[in-house]
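Student: Below is one structure. I have some questions about it.
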Amino acid sequence: VWKESMRTLDKDVNDVTKSMVTHVQTSLARQPYNIDNLGAYQAAAHSARDNLLINWNDTQMTYTRKAPKRAYYLSLEFLMGRTLDNALLNLGLKDQYKDGVKKLGFSIEDILDQERDAALGNGGLGRLAACYLDSSASQELPVWGYGLRYKYGIFQQLISPAGDQLEAPDPWLDNQNPWELPRLDVTYEVRFYGHADRLDDGTGRAIWQGGQEVLAQAYDVMIPGYGTQTTNNLRLWESKPKRGFDLNSFNAGNYEGAVESSNSAAAITSVLYPNDHTNFTVGKELRLKQQYFWTAASLADILRRFKNLGKPMNELPDYVAIQLNDTHPTLAIPELMRILIDEEDLRWDHAWSIVTNVFFYTNHTVLPEALEKWPVPMIEHVLPRHMQIIYDIRTTDDAISLADSSFKKKYPGDRDRLARMSLIEEGMPKQVRMAHLAVIGSRKVNGVAELHSDLVRTTILKDFVDFEGVSKFGNVTNGITPRRWLDQCNPELSALISKTLKLDKSVWLKDLFKLEGLLPFAEDAAFRKEWAAIKQRNKERLANYVQTTLGLTIRTDAMFDVQIKRIHEYKRQTLNILGVIHRYFTLKNMSAVERKKVNPRVVFFAGKAAPAYFIAKLTIRLIVNVARVINADPDTKDYLQLYFLPDYSVSLAEVLIPASDISQHISTAGTEASGTSNMKFCLNGGLLLGTVDGANIEIAEEVGESNVFFFGHLTPAVEDLRYQHLYHPVPIEQKCPALAHVINQVSAGVFGDGGVYEPLLNTIRQSDYYLLTDDFDSYIAALAMVDEAYLDKDEWVKKSIRTTAKMGKFSSDRAIVEYAESYWNIEPVTIQKS
Ligand code: 26R
């Protein structure tokens, strides 16, 4: 009876309509006949979720039964975006649902549009985690994600009339979330504060007690693989008070006191910190508590699952690999030491050898201001036992004994080196260097693109490479999932590719090197025409979006030039906007006849600034105010338009990226670890204008330098140039007159409020740390080459086709298989049906 009664996967349109209507009546408790788009979305989501759950259950059962080695991806951010479309695609039910909702009187596009993004991340690092989950499941790899279930995701960005970024909360869970399963039975207690007393039995053990205890409760999110049964799990933790409220205070009439502890427990997972790269959270205790809460709950969960296998603790590295996504989860290293020593009774050396075979650490940035450090007094206060362990690692660890004999033998008397490598940075206060802890506690370390991994090895971790040997320090170039970033966001292009390659998309979406089969078609005029027509329709789709959301009319016969990413000085949106102003003045100075020969350009910006990042916010303000002037100027508005699209998100990227002719990735050489949107644009046939940085380099290697537009100084020059700025400054008028003119015009108030931009302009006039004065001329030259290339439409479309054709390497499937094989040592698992 059980077997016969089981819900099975939807097969046809009738299954879909039946399931949706049932959910309207039951899950939504609404009348079938007056459902709006939102109701129809919710019904479709519930019904898709039923399908996911069937596979999810089979997957988890198979993992339990087969007990393979598993990998766990610890990330404080998962920037998932929307789920329904991806779930239907991966289940192979997109057509059935499209037809099903149509039969019920809806359009699938309208329904998909109802979903709110799950925006539990800032940018690159969080979106990478989401792509890796998709690829893990698609490659049938036993990988779970662990993160936090923030009540509020990345803030919503509003732009005030003056051009200022305003932040509003993102209450993404307000319409209840059909994609998560609350696991009331999966909870762990997590301790903060209190005191840690070492036992004097020579074991090094300690007892940590007192303080605050908070409950971690699991929510599970299903992660379906494309064209596989594998449906992995993303487990997100919510913090809850251990006891609802304090009865003593309540009875004494102290109502506020009674709920206080409950408030502070809930605070831990209430909001995502909106900073990336600039650590405005130095010394923010709540952020430290988030990190520990999440790592402690995740480790407890991982260890409980391992213990169910009945294996001895020293076999942990045979069953478990834990990937640290940047240093944010590094407390997992002392936490696992604490568990092994204090709770499992292992000796120090034994515990350390287990720990250093379980963890893997990925570095995502070499910018000094983004390297995490925590004040020693704060860790001592919040996590007293962990501070003891960190000190013990420093003095007793045998693998890399910074302070003991093996170090001294290798580097006799080298106190500078010792200070550089120490886990603890001297100062007021002393601080723990999380990257150093992550390195010495991990089996392997990697960067995220070739150049970046080289920089990791030769700069920030050089001493560790010297000491431990280079083989511990590798590279895994980032990737993106072609399911979301081509098939879902650009369905017409996907269909054309399948038709042209004479392959079902299920083949090439899983083996992206197949795109190379497009190369010969670059010479086929009819194919080029279709290719170009799709780009054109994607531009119209974007224009339509801007028309309906912002009420602005964009001309679609222009070149679409796009820069979308977090706003940061190192990414140099400032270079772009100053370049736009330069173009504006050039147009102004032309005769009407000359102007007619110019090909029109529409420049798009989007991106959020960290709320406390003053210079980044000023950059947004400048863009918005330049747009106001330029778009209203009758002399130029037919040739140059400029838009700042507010509230950049995964869903907005899905509209912008397929519409781009050229996109900009123009960081100062050596500063952008990889970049991943560069790959997304190129996959969709957009050309790349960029510096010789991050993954741009590998993209150029693949597509050939003649198909990208490179400019600017190279990484090895950067240090010298900065030195020159400091010790042999040349006035900007002399060094770069074109830029000086632009800056002076901004300063003079051509774009309103002259004075307000001075702090931004001064960053260029003074130390110019990001080298705008050095790269401006070659940037303008590169833009001119883009213009020229665009005039030859045929040649441009050929470049576009060749670019897409050579993107095979950048599938996140390739990247995740590298992690599985060269780092985690895990293998695919075929899922059995229950
Ligand atoms: C400590 C805190 C302020 C913080 C620093 C940095 C918080 C978050 C970050 C985000 C960093 C680690 C990040 O997102 N890096 C980006 O990672 C992408 C994926 O690897 C790269 O493509 C991108 O180049 C890099 O900037």
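Here, A, B, ... name the chains of the structure tokens in the order displayed, residue numbers run from 1 inside each chain, and ligands are numbered from 1 in the same displayed order.
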How would you report the residues lying within 9 Å of ligand 1, as a ChimeraX atom specification, if you count only C-alpha atoms and all ligand atoms?

Tutor: /A:76-77,121-129,273-282,325-328,362-367,369-373,447-449,452,477-479,671-677,694-695

Student: Just write the chosen residues, C-alpha atoms, as a JSON list (two decimals), in the first residue's frame.

Tutor:
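Output contents, as saved in out11.json:
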```
[["chain", "number", "residue", "atom", "x", "y", "z"],
["A", 76, "LEU", "CA", 28.34, 32.51, 4.85],
["A", 77, "GLU", "CA", 26.65, 33.54, 1.60],
["A", 121, "GLY", "CA", 24.89, 37.11, -0.41],
["A", 122, "ASN", "CA", 26.81, 40.20, -1.45],
["A", 123, "GLY", "CA", 28.28, 39.35, -4.81],
["A", 124, "GLY", "CA", 30.85, 37.08, -6.41],
["A", 125, "LEU", "CA", 31.59, 34.80, -3.49],
["A", 126, "GLY", "CA", 27.93, 34.11, -2.75],
["A", 127, "ARG", "CA", 26.88, 33.62, -6.36],
["A", 128, "LEU", "CA", 29.83, 31.26, -6.90],
["A", 129, "ALA", "CA", 28.56, 29.13, -4.00],
["A", 273, "TYR", "CA", 26.25, 41.89, 6.63],
["A", 274, "PRO", "CA", 26.25, 43.98, 3.45],
["A", 275, "ASN", "CA", 30.01, 44.44, 3.20],
["A", 276, "ASP", "CA", 32.37, 42.94, 0.75],
["A", 277, "HIS", "CA", 36.05, 43.69, 0.40],
["A", 278, "THR", "CA", 36.06, 46.54, 2.85],
["A", 279, "ASN", "CA", 35.83, 45.26, 6.34],
["A", 280, "PHE", "CA", 33.51, 47.71, 8.01],
["A", 281, "THR", "CA", 32.72, 44.99, 10.52],
["A", 282, "VAL", "CA", 36.09, 45.13, 12.30],
["A", 325, "ASN", "CA", 34.60, 29.55, 1.38],
["A", 326, "ASP", "CA", 37.03, 32.32, 2.24],
["A", 327, "THR", "CA", 38.07, 32.75, 5.87],
["A", 328, "HIS", "CA", 34.54, 33.38, 7.17],
["A", 362, "THR", "CA", 39.69, 28.95, -0.87],
["A", 363, "ASN", "CA", 40.98, 32.50, -0.88],
["A", 364, "HIS", "CA", 38.81, 34.97, -2.84],
["A", 365, "THR", "CA", 40.73, 38.22, -2.57],
["A", 366, "VAL", "CA", 44.21, 39.60, -1.98],
["A", 367, "LEU", "CA", 43.04, 43.10, -1.05],
["A", 369, "GLU", "CA", 41.43, 45.53, 3.68],
["A", 370, "ALA", "CA", 39.36, 42.40, 3.01],
["A", 371, "LEU", "CA", 41.55, 40.01, 5.01],
["A", 372, "GLU", "CA", 39.74, 39.10, 8.17],
["A", 373, "LYS", "CA", 41.22, 39.74, 11.57],
["A", 447, "GLY", "CA", 42.92, 30.76, -5.41],
["A", 448, "VAL", "CA", 40.17, 31.31, -7.98],
["A", 449, "ALA", "CA", 41.99, 32.15, -11.25],
["A", 452, "HIS", "CA", 45.13, 35.27, -8.52],
["A", 477, "THR", "CA", 39.58, 28.83, -11.87],
["A", 478, "ASN", "CA", 35.99, 29.84, -11.10],
["A", 479, "GLY", "CA", 33.06, 28.81, -13.25],
["A", 671, "THR", "CA", 43.05, 43.31, -7.74],
["A", 672, "GLU", "CA", 40.08, 41.29, -9.09],
["A", 673, "ALA", "CA", 40.65, 37.71, -7.98],
["A", 674, "SER", "CA", 38.63, 36.24, -10.83],
["A", 675, "GLY", "CA", 35.34, 37.88, -11.63],
["A", 676, "THR", "CA", 32.51, 35.65, -12.77],
["A", 677, "SER", "CA", 30.16, 38.01, -14.58],
["A", 694, "GLY", "CA", 41.61, 37.82, -12.92],
["A", 695, "ALA", "CA", 39.78, 35.44, -15.22]]
```

Student: When you look at segment 558-571 of chain A with a cut-off of 7 Å (counting only C-alpha atoms), what residues show up, excluding the ones that are within fewer than 3 positions of it in the same chain? I need them as JSON, numbers by chain.

Tutor: {"A": [123, 555, 599, 600, 601, 602, 603, 604, 605, 606, 607, 608, 609, 616, 660, 661, 662, 663, 664, 666, 667, 668, 671, 770]}

Student: In terms of the shortest atom-to-atom distance over only C-alpha atoms, which of A:Phe464, A:Ala321, A:Asp693, A:Leu93 is closest to Glu821 of chain A?

Tutor: A:Ala321

Student: With a distance cut-off of 8 Å and only C-alpha atoms, select the neighbouring residues of Leu501 of chain A, excluding the residue or stretch itself and same-chain residues fewer than 4 positions from it, and output the selection as a PyMOL selection string.

Tutor: chain A and resi 497+515+517-518

Student: Would you mind exporting C-alpha atoms of the selected residues as a JSON list (two decimals), in the first residue's frame?

Tutor:
```
[["chain", "number", "residue", "atom", "x", "y", "z"],
["A", 497, "ILE", "CA", 22.62, 26.61, -30.28],
["A", 515, "LEU", "CA", 29.96, 24.96, -27.95],
["A", 517, "GLY", "CA", 30.93, 23.32, -32.72],
["A", 518, "LEU", "CA", 29.59, 26.85, -33.31]]
```

Student: Apply DSSP to the backbone of this structure and, from segment 662-825 of chain A, keep only the residues in strand (DSSP E or B); write these as number ranges by chain.

Tutor: A: 662-665, 687-691, 709-711, 811

Student: Tell me, in Å to one decimal, how far atom CA of Ala130 of chain A is from atom CA of Asn51 of chain A.

Tutor: 20.6 Å

Student: Extract, using only C-alpha atoms, all DNA, RNA and protein residues at most 12 Å from Gly685 of chain A, discarding same-chain residues fewer than 2 positions from it, and format them as a PDB file with N, CA and C atoms, in the first residue's frame.

Tutor:
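Output saved as result-v5.pdb:
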```
ATOM      1  N   TRP A 485      22.836  30.609 -16.539  1.00  0.00           N
ATOM      2  CA  TRP A 485      23.463  31.759 -17.206  1.00  0.00           C
ATOM      3  C   TRP A 485      23.501  31.642 -18.729  1.00  0.00           C
ATOM      4  N   LEU A 486      22.832  30.635 -19.245  1.00  0.00           N
ATOM      5  CA  LEU A 486      22.582  30.642 -20.698  1.00  0.00           C
ATOM      6  C   LEU A 486      21.169  30.130 -20.971  1.00  0.00           C
ATOM      7  N   ASN A 490      18.636  33.134 -21.392  1.00  0.00           N
ATOM      8  CA  ASN A 490      18.685  33.442 -22.823  1.00  0.00           C
ATOM      9  C   ASN A 490      18.112  32.272 -23.617  1.00  0.00           C
ATOM     10  N   LEU A 493      18.729  32.005 -27.466  1.00  0.00           N
ATOM     11  CA  LEU A 493      20.089  31.648 -27.884  1.00  0.00           C
ATOM     12  C   LEU A 493      20.333  30.166 -27.633  1.00  0.00           C
ATOM     13  N   SER A 494      19.827  29.684 -26.512  1.00  0.00           N
ATOM     14  CA  SER A 494      19.978  28.267 -26.195  1.00  0.00           C
ATOM     15  C   SER A 494      19.339  27.408 -27.290  1.00  0.00           C
ATOM     16  N   ILE A 497      21.419  27.447 -30.431  1.00  0.00           N
ATOM     17  CA  ILE A 497      22.621  26.611 -30.285  1.00  0.00           C
ATOM     18  C   ILE A 497      22.275  25.140 -30.479  1.00  0.00           C
ATOM     19  N   LEU A 515      30.238  23.670 -27.306  1.00  0.00           N
ATOM     20  CA  LEU A 515      29.965  24.965 -27.954  1.00  0.00           C
ATOM     21  C   LEU A 515      30.960  25.271 -29.066  1.00  0.00           C
ATOM     22  N   LEU A 518      30.166  25.639 -32.699  1.00  0.00           N
ATOM     23  CA  LEU A 518      29.589  26.847 -33.313  1.00  0.00           C
ATOM     24  C   LEU A 518      30.593  27.579 -34.193  1.00  0.00           C
ATOM     25  N   ALA A 522      30.353  30.823 -37.612  1.00  0.00           N
ATOM     26  CA  ALA A 522      30.675  32.253 -37.630  1.00  0.00           C
ATOM     27  C   ALA A 522      30.802  32.741 -39.071  1.00  0.00           C
ATOM     28  N   ARG A 528      24.629  34.081 -38.681  1.00  0.00           N
ATOM     29  CA  ARG A 528      24.966  35.358 -38.040  1.00  0.00           C
ATOM     30  C   ARG A 528      23.726  36.236 -37.905  1.00  0.00           C
ATOM     31  N   TRP A 531      21.734  34.987 -35.047  1.00  0.00           N
ATOM     32  CA  TRP A 531      22.477  35.296 -33.817  1.00  0.00           C
ATOM     33  C   TRP A 531      22.251  36.761 -33.419  1.00  0.00           C
ATOM     34  N   ALA A 532      22.415  37.638 -34.418  1.00  0.00           N
ATOM     35  CA  ALA A 532      22.274  39.073 -34.159  1.00  0.00           C
ATOM     36  C   ALA A 532      20.832  39.432 -33.804  1.00  0.00           C
ATOM     37  N   ILE A 534      18.723  37.650 -32.199  1.00  0.00           N
ATOM     38  CA  ILE A 534      18.445  37.273 -30.808  1.00  0.00           C
ATOM     39  C   ILE A 534      19.014  38.319 -29.848  1.00  0.00           C
ATOM     40  N   LYS A 535      20.245  38.750 -30.124  1.00  0.00           N
ATOM     41  CA  LYS A 535      20.829  39.821 -29.303  1.00  0.00           C
ATOM     42  C   LYS A 535      19.915  41.039 -29.324  1.00  0.00           C
ATOM     43  N   GLN A 536      19.414  41.357 -30.510  1.00  0.00           N
ATOM     44  CA  GLN A 536      18.539  42.516 -30.636  1.00  0.00           C
ATOM     45  C   GLN A 536      17.269  42.351 -29.784  1.00  0.00           C
ATOM     46  N   ASN A 538      16.943  40.552 -27.160  1.00  0.00           N
ATOM     47  CA  ASN A 538      17.317  40.651 -25.747  1.00  0.00           C
ATOM     48  C   ASN A 538      17.506  42.104 -25.325  1.00  0.00           C
ATOM     49  N   ILE A 657      22.472  40.765 -18.773  1.00  0.00           N
ATOM     50  CA  ILE A 657      23.622  40.088 -19.396  1.00  0.00           C
ATOM     51  C   ILE A 657      23.350  39.665 -20.847  1.00  0.00           C
ATOM     52  N   PRO A 658      22.202  39.055 -21.144  1.00  0.00           N
ATOM     53  CA  PRO A 658      21.975  38.651 -22.544  1.00  0.00           C
ATOM     54  C   PRO A 658      21.831  39.840 -23.493  1.00  0.00           C
ATOM     55  N   ALA A 659      21.630  41.043 -22.934  1.00  0.00           N
ATOM     56  CA  ALA A 659      21.389  42.224 -23.775  1.00  0.00           C
ATOM     57  C   ALA A 659      22.664  43.007 -24.059  1.00  0.00           C
ATOM     58  N   SER A 660      23.787  42.561 -23.535  1.00  0.00           N
ATOM     59  CA  SER A 660      24.981  43.393 -23.649  1.00  0.00           C
ATOM     60  C   SER A 660      25.763  43.114 -24.933  1.00  0.00           C
ATOM     61  N   ASP A 661      26.197  44.199 -25.580  1.00  0.00           N
ATOM     62  CA  ASP A 661      27.133  44.059 -26.695  1.00  0.00           C
ATOM     63  C   ASP A 661      28.553  44.009 -26.161  1.00  0.00           C
ATOM     64  N   ILE A 662      28.812  44.880 -25.185  1.00  0.00           N
ATOM     65  CA  ILE A 662      30.149  44.919 -24.600  1.00  0.00           C
ATOM     66  C   ILE A 662      29.986  45.100 -23.090  1.00  0.00           C
ATOM     67  N   SER A 663      30.795  44.428 -22.304  1.00  0.00           N
ATOM     68  CA  SER A 663      30.741  44.621 -20.857  1.00  0.00           C
ATOM     69  C   SER A 663      32.124  44.969 -20.345  1.00  0.00           C
ATOM     70  N   ASN A 678      32.149  38.343 -15.957  1.00  0.00           N
ATOM     71  CA  ASN A 678      32.862  38.370 -17.242  1.00  0.00           C
ATOM     72  C   ASN A 678      32.546  37.099 -18.040  1.00  0.00           C
ATOM     73  N   MET A 679      32.522  35.948 -17.344  1.00  0.00           N
ATOM     74  CA  MET A 679      32.223  34.675 -18.010  1.00  0.00           C
ATOM     75  C   MET A 679      30.769  34.651 -18.504  1.00  0.00           C
ATOM     76  N   LYS A 680      29.869  35.220 -17.699  1.00  0.00           N
ATOM     77  CA  LYS A 680      28.439  35.200 -18.052  1.00  0.00           C
ATOM     78  C   LYS A 680      28.175  36.017 -19.309  1.00  0.00           C
ATOM     79  N   PHE A 681      28.767  37.192 -19.378  1.00  0.00           N
ATOM     80  CA  PHE A 681      28.592  38.028 -20.570  1.00  0.00           C
ATOM     81  C   PHE A 681      29.115  37.308 -21.809  1.00  0.00           C
ATOM     82  N   CYS A 682      30.320  36.764 -21.689  1.00  0.00           N
ATOM     83  CA  CYS A 682      30.930  36.123 -22.862  1.00  0.00           C
ATOM     84  C   CYS A 682      30.127  34.904 -23.286  1.00  0.00           C
ATOM     85  N   LEU A 683      29.611  34.164 -22.330  1.00  0.00           N
ATOM     86  CA  LEU A 683      28.797  32.997 -22.667  1.00  0.00           C
ATOM     87  C   LEU A 683      27.570  33.411 -23.478  1.00  0.00           C
ATOM     88  N   LEU A 687      30.909  40.920 -25.937  1.00  0.00           N
ATOM     89  CA  LEU A 687      32.368  41.030 -25.957  1.00  0.00           C
ATOM     90  C   LEU A 687      32.849  41.670 -24.668  1.00  0.00           C
ATOM     91  N   LEU A 688      34.143  41.500 -24.429  1.00  0.00           N
ATOM     92  CA  LEU A 688      34.698  41.925 -23.146  1.00  0.00           C
ATOM     93  C   LEU A 688      35.691  43.063 -23.333  1.00  0.00           C
ATOM     94  N   VAL A 703      39.437  32.650 -26.075  1.00  0.00           N
ATOM     95  CA  VAL A 703      38.785  33.194 -27.279  1.00  0.00           C
ATOM     96  C   VAL A 703      39.782  33.843 -28.232  1.00  0.00           C
ATOM     97  N   ASN A 707      39.716  38.810 -30.050  1.00  0.00           N
ATOM     98  CA  ASN A 707      38.274  38.879 -29.769  1.00  0.00           C
ATOM     99  C   ASN A 707      37.941  39.570 -28.449  1.00  0.00           C
ATOM    100  N   VAL A 708      38.954  40.073 -27.734  1.00  0.00           N
ATOM    101  CA  VAL A 708      38.676  40.869 -26.531  1.00  0.00           C
ATOM    102  C   VAL A 708      39.380  42.221 -26.670  1.00  0.00           C
ATOM    103  N   TRP A 796      31.817  42.001 -36.049  1.00  0.00           N
ATOM    104  CA  TRP A 796      31.427  42.029 -34.635  1.00  0.00           C
ATOM    105  C   TRP A 796      30.652  40.758 -34.268  1.00  0.00           C
ATOM    106  N   VAL A 797      29.702  40.407 -35.102  1.00  0.00           N
ATOM    107  CA  VAL A 797      28.897  39.210 -34.806  1.00  0.00           C
ATOM    108  C   VAL A 797      29.774  37.958 -34.840  1.00  0.00           C
ATOM    109  N   LYS A 798      30.754  37.943 -35.732  1.00  0.00           N
ATOM    110  CA  LYS A 798      31.691  36.816 -35.748  1.00  0.00           C
ATOM    111  C   LYS A 798      32.426  36.710 -34.416  1.00  0.00           C
ATOM    112  N   LYS A 799      32.888  37.847 -33.931  1.00  0.00           N
ATOM    113  CA  LYS A 799      33.574  37.847 -32.637  1.00  0.00           C
ATOM    114  C   LYS A 799      32.648  37.325 -31.545  1.00  0.00           C
ATOM    115  N   SER A 800      31.398  37.756 -31.609  1.00  0.00           N
ATOM    116  CA  SER A 800      30.418  37.353 -30.610  1.00  0.00           C
ATOM    117  C   SER A 800      30.230  35.831 -30.607  1.00  0.00           C
ATOM    118  N   ILE A 801      30.094  35.280 -31.810  1.00  0.00           N
ATOM    119  CA  ILE A 801      29.901  33.821 -31.921  1.00  0.00           C
ATOM    120  C   ILE A 801      31.140  33.082 -31.419  1.00  0.00           C
ATOM    121  N   ARG A 802      32.315  33.582 -31.825  1.00  0.00           N
ATOM    122  CA  ARG A 802      33.564  32.925 -31.407  1.00  0.00           C
ATOM    123  C   ARG A 802      33.727  32.986 -29.902  1.00  0.00           C
ATOM    124  N   THR A 803      33.257  34.054 -29.314  1.00  0.00           N
ATOM    125  CA  THR A 803      33.390  34.186 -27.863  1.00  0.00           C
ATOM    126  C   THR A 803      32.547  33.120 -27.164  1.00  0.00           C
ATOM    127  N   THR A 804      31.279  33.055 -27.509  1.00  0.00           N
ATOM    128  CA  THR A 804      30.418  32.029 -26.902  1.00  0.00           C
ATOM    129  C   THR A 804      31.010  30.636 -27.122  1.00  0.00           C
ATOM    130  N   ALA A 805      31.500  30.410 -28.345  1.00  0.00           N
ATOM    131  CA  ALA A 805      31.975  29.074 -28.708  1.00  0.00           C
ATOM    132  C   ALA A 805      33.129  28.608 -27.831  1.00  0.00           C
ATOM    133  N   LYS A 806      33.888  29.559 -27.282  1.00  0.00           N
ATOM    134  CA  LYS A 806      35.091  29.180 -26.541  1.00  0.00           C
ATOM    135  C   LYS A 806      34.931  29.267 -25.019  1.00  0.00           C
ATOM    136  N   MET A 807      33.679  29.250 -24.547  1.00  0.00           N
ATOM    137  CA  MET A 807      33.460  29.402 -23.116  1.00  0.00           C
ATOM    138  C   MET A 807      33.408  28.078 -22.343  1.00  0.00           C
TER     139      MET A 807
END
```

Student: One decimal, in Å: what's the spacing between atom CA of Asp185 of chain A and atom CA of Gln25 of chain A?

Tutor: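 Result for atom CA of Asp185 of chain A versus atom CA of Gln25 of chain A: 28.0 Å, one decimal.
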
Student: Which residue out of A:Glu285, A:Glu492, A:Glu315, A:Asp511 has the minimum interatomic distance to Ser811 of chain A when only C-alpha atoms are used?

Tutor: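 With only C-alpha atoms as the atom set, the closest residue is A:Asp511.
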
Student: Show me, as a list in words, the residues that have an atom within 8 Å of Ala43 of chain A when counting only C-alpha atoms, minus same-chain residues fewer than 3 positions from it.

Tutor: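 The filter keeps Met20, Val21, His23, Val24, Ser27, Leu28, Gly39, Ala40, His46 and Ser47 of chain A.
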
Student: Near Arg420 of chain A, within 12 Å and counting only C-alpha atoms, which residues show up once chain neighbours fewer than 4 positions away are dropped, as a list in words?

Tutor: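 With the cut-off at 12 Å, the set is Leu402, Ala403, Asp414, Arg415, Asp416, Ile424, Glu425, Glu426, Arg433, His436, Thr459, Ile460, Leu461, Lys462, Asp463 and Phe464 of chain A.
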
Student: So, with only C-alpha atoms as the atoms that count, which of A:Val580, A:Asn357, A:Ser270, A:Thr830 lies closest to Asp58 of chain A?

Tutor: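 Among the listed residues, A:Thr830 lies closest to Asp58 of chain A.
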
Student: Among the residues of segment 257-451 of chain A, find those DSSP assigns to helix (DSSP H, G or I) from the backbone and print them as a count of residues only.

Tutor: 109

Student: What does the structure give for the distance between atom CA of Val470 of chain A and atom CA of Asn446 of chain A, in Å to one decimal?

Tutor: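 Atom CA of Asn446 of chain A lies 11.1 Å from atom CA of Val470 of chain A.
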
Student: For Ile154 of chain A, which residue among A:Ala435, A:Asp647, A:Leu303, A:Glu343 is the nearest when counting only C-alpha atoms?

Tutor: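 Nearest to Ile154 of chain A: A:Asp647.
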
Student: Between A:Leu336, A:Leu622, A:Leu148, A:Met61, which is the closest to Thr230 of chain A once you count only C-alpha atoms?

Tutor: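 Closest to Thr230 of chain A, using only C-alpha atoms: A:Met61.
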